[in-house]
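Trainee: Quick one: this structure, given as structure tokens, is what I'll be asking you about.
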Amino acid sequence: MTNLSDTAQQLVAQGKGILAADESFSTADKRLVEYGIEPSEEMRRQFRDMLLGTPGLEQYLSGVILYEETLDQKADSGVPFPELLSSEHIFPGIKVDLGLDEFPDSPEETITKGLLGLPERLATYRDTYGARFTKWRAAIRIEGDRLPTSGMLVENAKRLASYAYEVQKAGMVPMVEPEVLLEGAHSRLRAREVVETTLHVLFDALTDQNVDLSGVILKTSMVLSGSKSGRTDTPEEVAEDTLAVLLAAVPKEVPGIVFLSGGQGPDQATANLAAISARAKELNAPWPLTFSYARALQEEALSIWKGKEENQEQARAVFIERLKKVQAALL
Ligand code: 13P
């Protein structure tokens with residue numbers, strides 16, 4: 001077993017998942033404002049501390065994806081966040097893409113940037129902060145039969161593959177995330193088709209770039225009807241379509257698959273994960289499946305915390321309650 005596949009397997013160890021706490025400045029500030037908190041660097045630090053300083057996280061989390069700013073910040077205890085996680089045997093990960101640009105050939109779509117200077121940044125994340133894995137996210141929008149365009153899918157997949165290659169060369173595990181967005185009026189059937197095509201294009205690109213598939217984690221969307229479709233899928237429907245797509249498109253060498261929550265509420269994301277886990281066992285799926293949620297894990301805690309020290313303990317208790325439910329969904 002190579003070191004990379006060893007790390008990847010630990011990231012998807014049974015009963016554990018990954019917290020995405022890698023919101024960029026603008027997304028983190030947007031979250032704070034949603035809960036009536038005035039955004040600033042210090043409030044973003046307190047937001048991370050409310051989550052990452054929660055005692056007992058190591059029972060639920062194998063890894064946390066961080067944003068660059070957080071690498072240099074310290075928990076209330078004075079310990080830098082990456083060090084705090086490592087001391088609890090939780091792998092620190094880092095989002096390394098630099099966000100989305102308009103895709104010139106189809107301006108309603110986006111292309112993810114961040115390849116320039118990536119090797120130098122990776123060396124720092126690994127050597128200075130002990131990062132063990134990384135994330136790169138592409139965003140794929142569905143609009144009828146018109147979007148996504150195949151040009152955008154191919155270009156984003158090529159960049160995901162170049163990124164993954166560089167990350168493996170630097171000795172870390174690349175998480176590849178082509179997020180098919182929930183926003184839209186599309187049917188579940190259309191989402192299923194788009195997720196499947198996206199994954200085929202991605203794995204073709206990874207293979208073309210000689211990425212070692214045994215040292216990659218796939219982060220994917222579940223197959224769901226669009227948020228403006230007027231339809232709420234049952235967990236069984238989501239599980240059936242999600243597993244069908246994964247079995248059709250994801251090579252069995254891949255050591256693990258994790259899901260984003262994508263705007264589903266905490267209960268919905270938990271129920272869908274439970275049905276997906278059960279279906280995967282029924283079908284003898286070749287890879288472990290787990291969560292890598294941001295919003296579905298954070299929402300309840302944030303709504304109690306509201307940026308106030310006196311609410312921290314209760315917010316952390318609610319965060320742990322959600323982690324327990326999500327863990328139970330896996331088992
Ligand atoms: P959500 O779970 O809020 O979709 O975030 C996960 C993530 O990492 C998106 O890039």
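Following the order of the structure tokens, first chain is A, next is B, and so on, with residues numbered from 1 inside each chain and ligands from 1 in the order they appear.
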Env of region 178-180 of chain A: 12 Å cut, atoms = only C-alpha atoms, seq-sep filter 5 positions within chain, self excluded. Answer as a PyMOL selection string.
Mentor: chain A and resi 109-112+135-143+147-148+152-161+186+188+190-203+217-226+258-263
Trainee: At a cut-off of 8 Å, can you tabulate as JSON lines every residue of region 170-204 of chain A near region 208-215 of chain A together with its closest atom pair and the distance in Å to one decimal, using only C-alpha atoms and ordering rows by chain then number?
Mentor:
{"residue": "A:Val173", "atom": "CA", "partner": "A:Gly215", "partner_atom": "CA", "distance": 5.9}
{"residue": "A:Pro174", "atom": "CA", "partner": "A:Gly215", "partner_atom": "CA", "distance": 7.5}
{"residue": "A:Asp204", "atom": "CA", "partner": "A:Asp208", "partner_atom": "CA", "distance": 6.1}
Trainee: With all heavy atoms kept, could you save the residues just selected as a JSON list (two decimals), in the first residue's frame?
Mentor:
[["chain", "number", "residue", "atom", "x", "y", "z"],
["A", 173, "VAL", "N", -3.01, 13.71, -0.54],
["A", 173, "VAL", "CA", -4.14, 13.10, -1.24],
["A", 173, "VAL", "C", -5.03, 14.19, -1.83],
["A", 173, "VAL", "O", -5.51, 15.06, -1.10],
["A", 173, "VAL", "CB", -4.99, 12.23, -0.28],
["A", 173, "VAL", "CG1", -6.30, 11.79, -0.92],
["A", 173, "VAL", "CG2", -4.19, 11.01, 0.18],
["A", 174, "PRO", "N", -5.24, 14.17, -3.15],
["A", 174, "PRO", "CA", -6.15, 15.16, -3.73],
["A", 174, "PRO", "C", -7.61, 14.71, -3.60],
["A", 174, "PRO", "O", -7.96, 13.58, -3.95],
["A", 174, "PRO", "CB", -5.74, 15.19, -5.21],
["A", 174, "PRO", "CG", -5.12, 13.85, -5.48],
["A", 174, "PRO", "CD", -4.60, 13.32, -4.16],
["A", 204, "ASP", "N", -11.88, 10.07, -17.05],
["A", 204, "ASP", "CA", -11.07, 10.01, -18.28],
["A", 204, "ASP", "C", -9.88, 10.96, -18.15],
["A", 204, "ASP", "O", -8.74, 10.60, -18.50],
["A", 204, "ASP", "CB", -11.91, 10.44, -19.50],
["A", 204, "ASP", "CG", -12.88, 9.33, -19.93],
["A", 204, "ASP", "OD1", -12.77, 8.20, -19.41],
["A", 204, "ASP", "OD2", -13.76, 9.61, -20.77]]
Trainee: For the atom pair atom 1 (P, counted along the ligand's line) of ligand 1 and CA of Ala20 (chain A), what is the interatomic distance in Å to one decimal place?
Mentor: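 Interatomic distance, atom 1 (P, counted along the ligand's line) of ligand 1 to CA of Ala20 (chain A): 7.2 Å.
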Trainee: Could you check how far CA of Asp49 (chain A) sits from CA of Leu289 (chain A), in Å to one decimal?
Mentor: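 The value is 27.4 Å.
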